[in-house]
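Q: The structure that follows is given in the form of structure tokens.
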Amino acid sequence: ARLILNPIPWERHVRDGLAPLVGTLEEGGVRCDVSFTKITGAMTESVAQAVREGYDLVIAGGGDGTISEVASGLVGSEIPLGIIPCGTFNNIATSLHLSQDLQRAASIIVAGKTRAIDVGVANHYYFFEAAGVGLDASIFPIGEEIKDGHYHRLFEASLRFLRYNSEEMVIKLDESR
């Protein structure tokens, strides 16, 4: 398996958890090549390389951004995605009812439990849990900054909320895929 870890949440939340995690995977027969890659083109390339090299499994360790980026690289392939949730909110893992405990998450991967999930695409970007439009999409980037401690952005978020004018939009659903 290729185990792709985002170093930022990994360092912040589970600094000492890597050896036991890899140990659980390897004891269960999942040999891992580990790479630390931030959410950039390098992460996308790491997933593409894993697909080209014929890995049987790709495991993403991080938060929703990491999971989404890695999953996007696997869309259309037959390679399953393992999830080790170690972000701030772990919405994707929570919506899939995955354990937030790293050892338990590793055990689920070792057991080979898989399920198919729907994938959405908006403006050529894949999404796996939710997509926002309108006010939600306008405020979301600022919310991410506030979450990271940039509380001075609260004022701008409040202004965007108060000044927001809704617009009519058309959403097309394509069920042919």
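Following the order of the structure tokens, chains are lettered A, B, ..., residues in each are numbered from 1, and ligands are numbered from 1.
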Please provide the set of residues having any atom within 8 Å of Gly134 in chain A, restricted to only C-alpha atoms, with same-chain residues fewer than 3 positions apart removed, written as a VMD selection string.
A: chain A and resid 137 to 138 166 to 167
Q: Report as a PyMOL selection string: the residues of range 30-164 of chain A with a DSSP assignment of strand (DSSP E), based on the backbone of this structure.
A: chain A and resi 33-36+58-62+81-85+120-122+125-127
Q: Keeping only N, CA, C and O atoms, write the selected residues to a file as a PDB file, in the first residue's frame.
A:
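out15.pdb written:
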```pdb
ATOM      1  N   ASP A  33       4.468   1.692   1.961  1.00  0.00           N
ATOM      2  CA  ASP A  33       5.467   2.683   1.588  1.00  0.00           C
ATOM      3  C   ASP A  33       4.883   4.018   2.022  1.00  0.00           C
ATOM      4  O   ASP A  33       3.809   4.416   1.549  1.00  0.00           O
ATOM      5  N   VAL A  34       5.572   4.709   2.932  1.00  0.00           N
ATOM      6  CA  VAL A  34       5.052   5.930   3.538  1.00  0.00           C
ATOM      7  C   VAL A  34       5.616   7.155   2.828  1.00  0.00           C
ATOM      8  O   VAL A  34       6.809   7.218   2.540  1.00  0.00           O
ATOM      9  N   SER A  35       4.735   8.123   2.553  1.00  0.00           N
ATOM     10  CA  SER A  35       5.199   9.408   2.035  1.00  0.00           C
ATOM     11  C   SER A  35       4.445  10.524   2.737  1.00  0.00           C
ATOM     12  O   SER A  35       3.239  10.437   2.958  1.00  0.00           O
ATOM     13  N   PHE A  36       5.197  11.555   3.132  1.00  0.00           N
ATOM     14  CA  PHE A  36       4.612  12.753   3.727  1.00  0.00           C
ATOM     15  C   PHE A  36       4.496  13.790   2.627  1.00  0.00           C
ATOM     16  O   PHE A  36       5.506  14.184   2.042  1.00  0.00           O
ATOM     17  N   VAL A  58      -4.324   2.456  -1.539  1.00  0.00           N
ATOM     18  CA  VAL A  58      -3.750   3.745  -1.164  1.00  0.00           C
ATOM     19  C   VAL A  58      -4.446   4.163   0.122  1.00  0.00           C
ATOM     20  O   VAL A  58      -5.678   4.113   0.225  1.00  0.00           O
ATOM     21  N   ILE A  59      -3.656   4.575   1.108  1.00  0.00           N
ATOM     22  CA  ILE A  59      -4.194   4.994   2.408  1.00  0.00           C
ATOM     23  C   ILE A  59      -3.873   6.459   2.593  1.00  0.00           C
ATOM     24  O   ILE A  59      -2.725   6.873   2.415  1.00  0.00           O
ATOM     25  N   ALA A  60      -4.891   7.241   2.961  1.00  0.00           N
ATOM     26  CA  ALA A  60      -4.713   8.669   3.205  1.00  0.00           C
ATOM     27  C   ALA A  60      -4.809   8.929   4.698  1.00  0.00           C
ATOM     28  O   ALA A  60      -5.784   8.538   5.338  1.00  0.00           O
ATOM     29  N   GLY A  61      -3.809   9.594   5.245  1.00  0.00           N
ATOM     30  CA  GLY A  61      -3.814   9.982   6.656  1.00  0.00           C
ATOM     31  C   GLY A  61      -3.802  11.488   6.765  1.00  0.00           C
ATOM     32  O   GLY A  61      -2.823  12.141   6.416  1.00  0.00           O
ATOM     33  N   GLY A  62      -4.907  12.051   7.214  1.00  0.00           N
ATOM     34  CA  GLY A  62      -5.011  13.502   7.328  1.00  0.00           C
ATOM     35  C   GLY A  62      -6.463  13.873   7.557  1.00  0.00           C
ATOM     36  O   GLY A  62      -7.270  13.052   7.989  1.00  0.00           O
ATOM     37  N   LEU A  81      -9.402   3.005  -1.316  1.00  0.00           N
ATOM     38  CA  LEU A  81      -8.833   4.043  -0.457  1.00  0.00           C
ATOM     39  C   LEU A  81      -9.040   3.652   0.996  1.00  0.00           C
ATOM     40  O   LEU A  81     -10.173   3.389   1.423  1.00  0.00           O
ATOM     41  N   GLY A  82      -7.954   3.629   1.762  1.00  0.00           N
ATOM     42  CA  GLY A  82      -8.046   3.473   3.207  1.00  0.00           C
ATOM     43  C   GLY A  82      -7.969   4.857   3.832  1.00  0.00           C
ATOM     44  O   GLY A  82      -7.271   5.733   3.322  1.00  0.00           O
ATOM     45  N   ILE A  83      -8.694   5.066   4.918  1.00  0.00           N
ATOM     46  CA  ILE A  83      -8.735   6.384   5.548  1.00  0.00           C
ATOM     47  C   ILE A  83      -8.262   6.288   6.992  1.00  0.00           C
ATOM     48  O   ILE A  83      -8.797   5.509   7.785  1.00  0.00           O
ATOM     49  N   ILE A  84      -7.239   7.098   7.299  1.00  0.00           N
ATOM     50  CA  ILE A  84      -6.769   7.276   8.679  1.00  0.00           C
ATOM     51  C   ILE A  84      -7.110   8.722   9.049  1.00  0.00           C
ATOM     52  O   ILE A  84      -6.407   9.655   8.671  1.00  0.00           O
ATOM     53  N   PRO A  85      -8.223   8.951   9.763  1.00  0.00           N
ATOM     54  CA  PRO A  85      -8.671  10.317  10.035  1.00  0.00           C
ATOM     55  C   PRO A  85      -7.876  10.979  11.156  1.00  0.00           C
ATOM     56  O   PRO A  85      -7.894  10.520  12.298  1.00  0.00           O
ATOM     57  N   GLY A 120     -19.242  13.331  -6.395  1.00  0.00           N
ATOM     58  CA  GLY A 120     -19.800  14.442  -7.155  1.00  0.00           C
ATOM     59  C   GLY A 120     -18.690  15.194  -7.858  1.00  0.00           C
ATOM     60  O   GLY A 120     -17.520  15.089  -7.484  1.00  0.00           O
ATOM     61  N   VAL A 121     -19.061  15.942  -8.869  1.00  0.00           N
ATOM     62  CA  VAL A 121     -18.083  16.786  -9.553  1.00  0.00           C
ATOM     63  C   VAL A 121     -18.747  18.133  -9.823  1.00  0.00           C
ATOM     64  O   VAL A 121     -19.897  18.205 -10.248  1.00  0.00           O
ATOM     65  N   ALA A 122     -18.039  19.186  -9.484  1.00  0.00           N
ATOM     66  CA  ALA A 122     -18.528  20.546  -9.716  1.00  0.00           C
ATOM     67  C   ALA A 122     -17.353  21.378 -10.229  1.00  0.00           C
ATOM     68  O   ALA A 122     -16.287  21.402  -9.591  1.00  0.00           O
ATOM     69  N   TYR A 125     -14.025  19.670 -10.311  1.00  0.00           N
ATOM     70  CA  TYR A 125     -13.432  19.223  -9.044  1.00  0.00           C
ATOM     71  C   TYR A 125     -14.334  18.147  -8.444  1.00  0.00           C
ATOM     72  O   TYR A 125     -15.550  18.320  -8.382  1.00  0.00           O
ATOM     73  N   TYR A 126     -13.720  17.066  -7.983  1.00  0.00           N
ATOM     74  CA  TYR A 126     -14.487  16.018  -7.322  1.00  0.00           C
ATOM     75  C   TYR A 126     -14.790  16.422  -5.886  1.00  0.00           C
ATOM     76  O   TYR A 126     -13.993  17.104  -5.240  1.00  0.00           O
ATOM     77  N   PHE A 127     -15.948  15.966  -5.379  1.00  0.00           N
ATOM     78  CA  PHE A 127     -16.243  16.129  -3.957  1.00  0.00           C
ATOM     79  C   PHE A 127     -16.892  14.860  -3.455  1.00  0.00           C
ATOM     80  O   PHE A 127     -17.526  14.119  -4.198  1.00  0.00           O
TER      81      PHE A 127
END
```
Q: Quick one: residues within 10 Å of Glu156 in chain A, only C-alpha atoms, excluding same-chain residues fewer than 6 positions away - as a list in words?
A: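 Here the qualifying residues turn out to be Ile139, Ile142 and Leu162 of chain A.
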Q: Residues within 12 Å of Thr66 in chain A, please, as an NGL selection string. Count only C-alpha atoms; anything in the same chain fewer than 2 positions from it doesn't count.
A: :A and (3-10 or 36-44 or 47 or 59-64 or 68-73 or 81-88 or 90-93 or 127-128)
Q: Store the residues of this selection in a file with C-alpha atoms, as a PDB file, in the first residue's frame.
A:
```pdb
ATOM      1  CA  LEU A   3       0.403   5.452   2.802  1.00  0.00           C
ATOM      2  CA  ILE A   4       0.144   9.182   2.089  1.00  0.00           C
ATOM      3  CA  LEU A   5       0.260  11.395   5.157  1.00  0.00           C
ATOM      4  CA  ASN A   6      -0.283  15.123   5.337  1.00  0.00           C
ATOM      5  CA  PRO A   7       2.478  16.247   7.724  1.00  0.00           C
ATOM      6  CA  ILE A   8       0.545  19.197   9.157  1.00  0.00           C
ATOM      7  CA  PRO A   9      -2.353  17.389  10.903  1.00  0.00           C
ATOM      8  CA  TRP A  10      -0.125  14.393  11.451  1.00  0.00           C
ATOM      9  CA  PHE A  36       4.612  12.753   3.727  1.00  0.00           C
ATOM     10  CA  THR A  37       3.061  15.142   1.230  1.00  0.00           C
ATOM     11  CA  LYS A  38       1.204  18.420   1.711  1.00  0.00           C
ATOM     12  CA  ILE A  39      -1.972  19.134  -0.244  1.00  0.00           C
ATOM     13  CA  THR A  40      -0.358  20.358  -3.454  1.00  0.00           C
ATOM     14  CA  GLY A  41       0.387  19.055  -6.890  1.00  0.00           C
ATOM     15  CA  ALA A  42       2.921  16.775  -5.180  1.00  0.00           C
ATOM     16  CA  MET A  43       0.121  14.922  -3.381  1.00  0.00           C
ATOM     17  CA  THR A  44      -1.811  14.542  -6.619  1.00  0.00           C
ATOM     18  CA  VAL A  47      -1.456   9.290  -5.899  1.00  0.00           C
ATOM     19  CA  ILE A  59      -4.194   4.994   2.408  1.00  0.00           C
ATOM     20  CA  ALA A  60      -4.713   8.669   3.205  1.00  0.00           C
ATOM     21  CA  GLY A  61      -3.814   9.982   6.656  1.00  0.00           C
ATOM     22  CA  GLY A  62      -5.011  13.502   7.328  1.00  0.00           C
ATOM     23  CA  GLY A  63      -8.140  15.595   7.375  1.00  0.00           C
ATOM     24  CA  ASP A  64     -10.914  16.149   4.868  1.00  0.00           C
ATOM     25  CA  SER A  68     -10.474  14.473  -0.825  1.00  0.00           C
ATOM     26  CA  GLU A  69      -7.219  15.072  -2.673  1.00  0.00           C
ATOM     27  CA  VAL A  70      -6.128  11.445  -2.453  1.00  0.00           C
ATOM     28  CA  ALA A  71      -9.611  10.126  -3.302  1.00  0.00           C
ATOM     29  CA  SER A  72      -9.769  12.429  -6.337  1.00  0.00           C
ATOM     30  CA  GLY A  73      -6.635  10.788  -7.673  1.00  0.00           C
ATOM     31  CA  LEU A  81      -8.833   4.043  -0.457  1.00  0.00           C
ATOM     32  CA  GLY A  82      -8.046   3.473   3.207  1.00  0.00           C
ATOM     33  CA  ILE A  83      -8.735   6.384   5.548  1.00  0.00           C
ATOM     34  CA  ILE A  84      -6.769   7.276   8.679  1.00  0.00           C
ATOM     35  CA  PRO A  85      -8.671  10.317  10.035  1.00  0.00           C
ATOM     36  CA  CYS A  86      -6.413  12.768  11.852  1.00  0.00           C
ATOM     37  CA  GLY A  87      -7.686  16.187  10.784  1.00  0.00           C
ATOM     38  CA  THR A  88      -9.613  18.768  12.725  1.00  0.00           C
ATOM     39  CA  ASN A  90     -12.869  14.502   9.868  1.00  0.00           C
ATOM     40  CA  ASN A  91     -16.279  15.026   8.279  1.00  0.00           C
ATOM     41  CA  ILE A  92     -15.734  12.455   5.528  1.00  0.00           C
ATOM     42  CA  ALA A  93     -14.640   9.762   7.979  1.00  0.00           C
ATOM     43  CA  PHE A 127     -16.243  16.129  -3.957  1.00  0.00           C
ATOM     44  CA  PHE A 128     -17.096  13.299  -1.594  1.00  0.00           C
TER      45      PHE A 128
END
```
Q: Closest to Gln49 in chain A among A:Asn165, A:Gly65, A:Arg104, A:Leu74, using only C-alpha atoms?
A: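 Using only C-alpha atoms, Gln49 in chain A sits closest to A:Leu74.
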Q: Please identify every residue of range 78-172 of chain A that has at least one atom no farther than 8 Å from an atom of range 17-21 of chain A, counting only C-alpha atoms, and for each give the shortest atom pair and the distance in Å to one decimal, arranged by chain then increasing number, as a Markdown table.
A:
```
| residue | atom | partner | partner_atom | distance |
| --- | --- | --- | --- | --- |
| A:Leu102 | CA | A:Leu21 | CA | 6.8 |
| A:Gln103 | CA | A:Leu21 | CA | 5.9 |
| A:Ala106 | CA | A:Leu21 | CA | 6.5 |
```
Q: Can you list, as a ChimeraX atom specification, all residues belonging to chain A that DSSP tags as helix (DSSP H, G or I)?
A: /A:7-14,18-27,41-52,64-74,91-95,102-111,135-147,151-163
Q: Which of these, A:Arg163, A:Leu57, A:Glu175, A:Glu168, has the shortest distance to Val110 in chain A once you count only C-alpha atoms?
A: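 Nearest candidate to Val110 in chain A out of A:Arg163, A:Leu57, A:Glu175, A:Glu168: A:Leu57.
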Q: Under the rule that only C-alpha atoms are counted, which of A:Phe89, A:His124, A:Gly76, A:Ser99 is the nearest residue to Lys147 in chain A?
A: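 Among the listed residues, the smallest separation from Lys147 in chain A belongs to A:Phe89.
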Q: Calculate how many Å separate CA of Glu129 in chain A from CA of Arg31 in chain A, rounding to one decimal.
A: 28.9 Å
Q: Set the distance at 9 Å and use only C-alpha atoms: which residues neighbour Gly28 in chain A once local chain neighbours fewer than 2 positions away are removed? I'd like the list as a list in words.
A: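 Returned residues: Gly23, Thr24, Leu25, Glu26, Val30, Arg31, Ser107, Val110 and Ala111 of chain A.
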Q: Would you work out the distance separating CA of Val75 in chain A from CA of Asp118 in chain A, expressed in Å to one decimal?
A: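 Between these atoms lies a distance of 10.4 Å.
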Q: Taking only C-alpha atoms into account, which of A:Ala48, A:Ile67, A:Ile171, A:Ala116 comes nearest Gly132 in chain A?
A: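 Looking only at the distances to Gly132 in chain A, the closest residue turns out to be A:Ile171.
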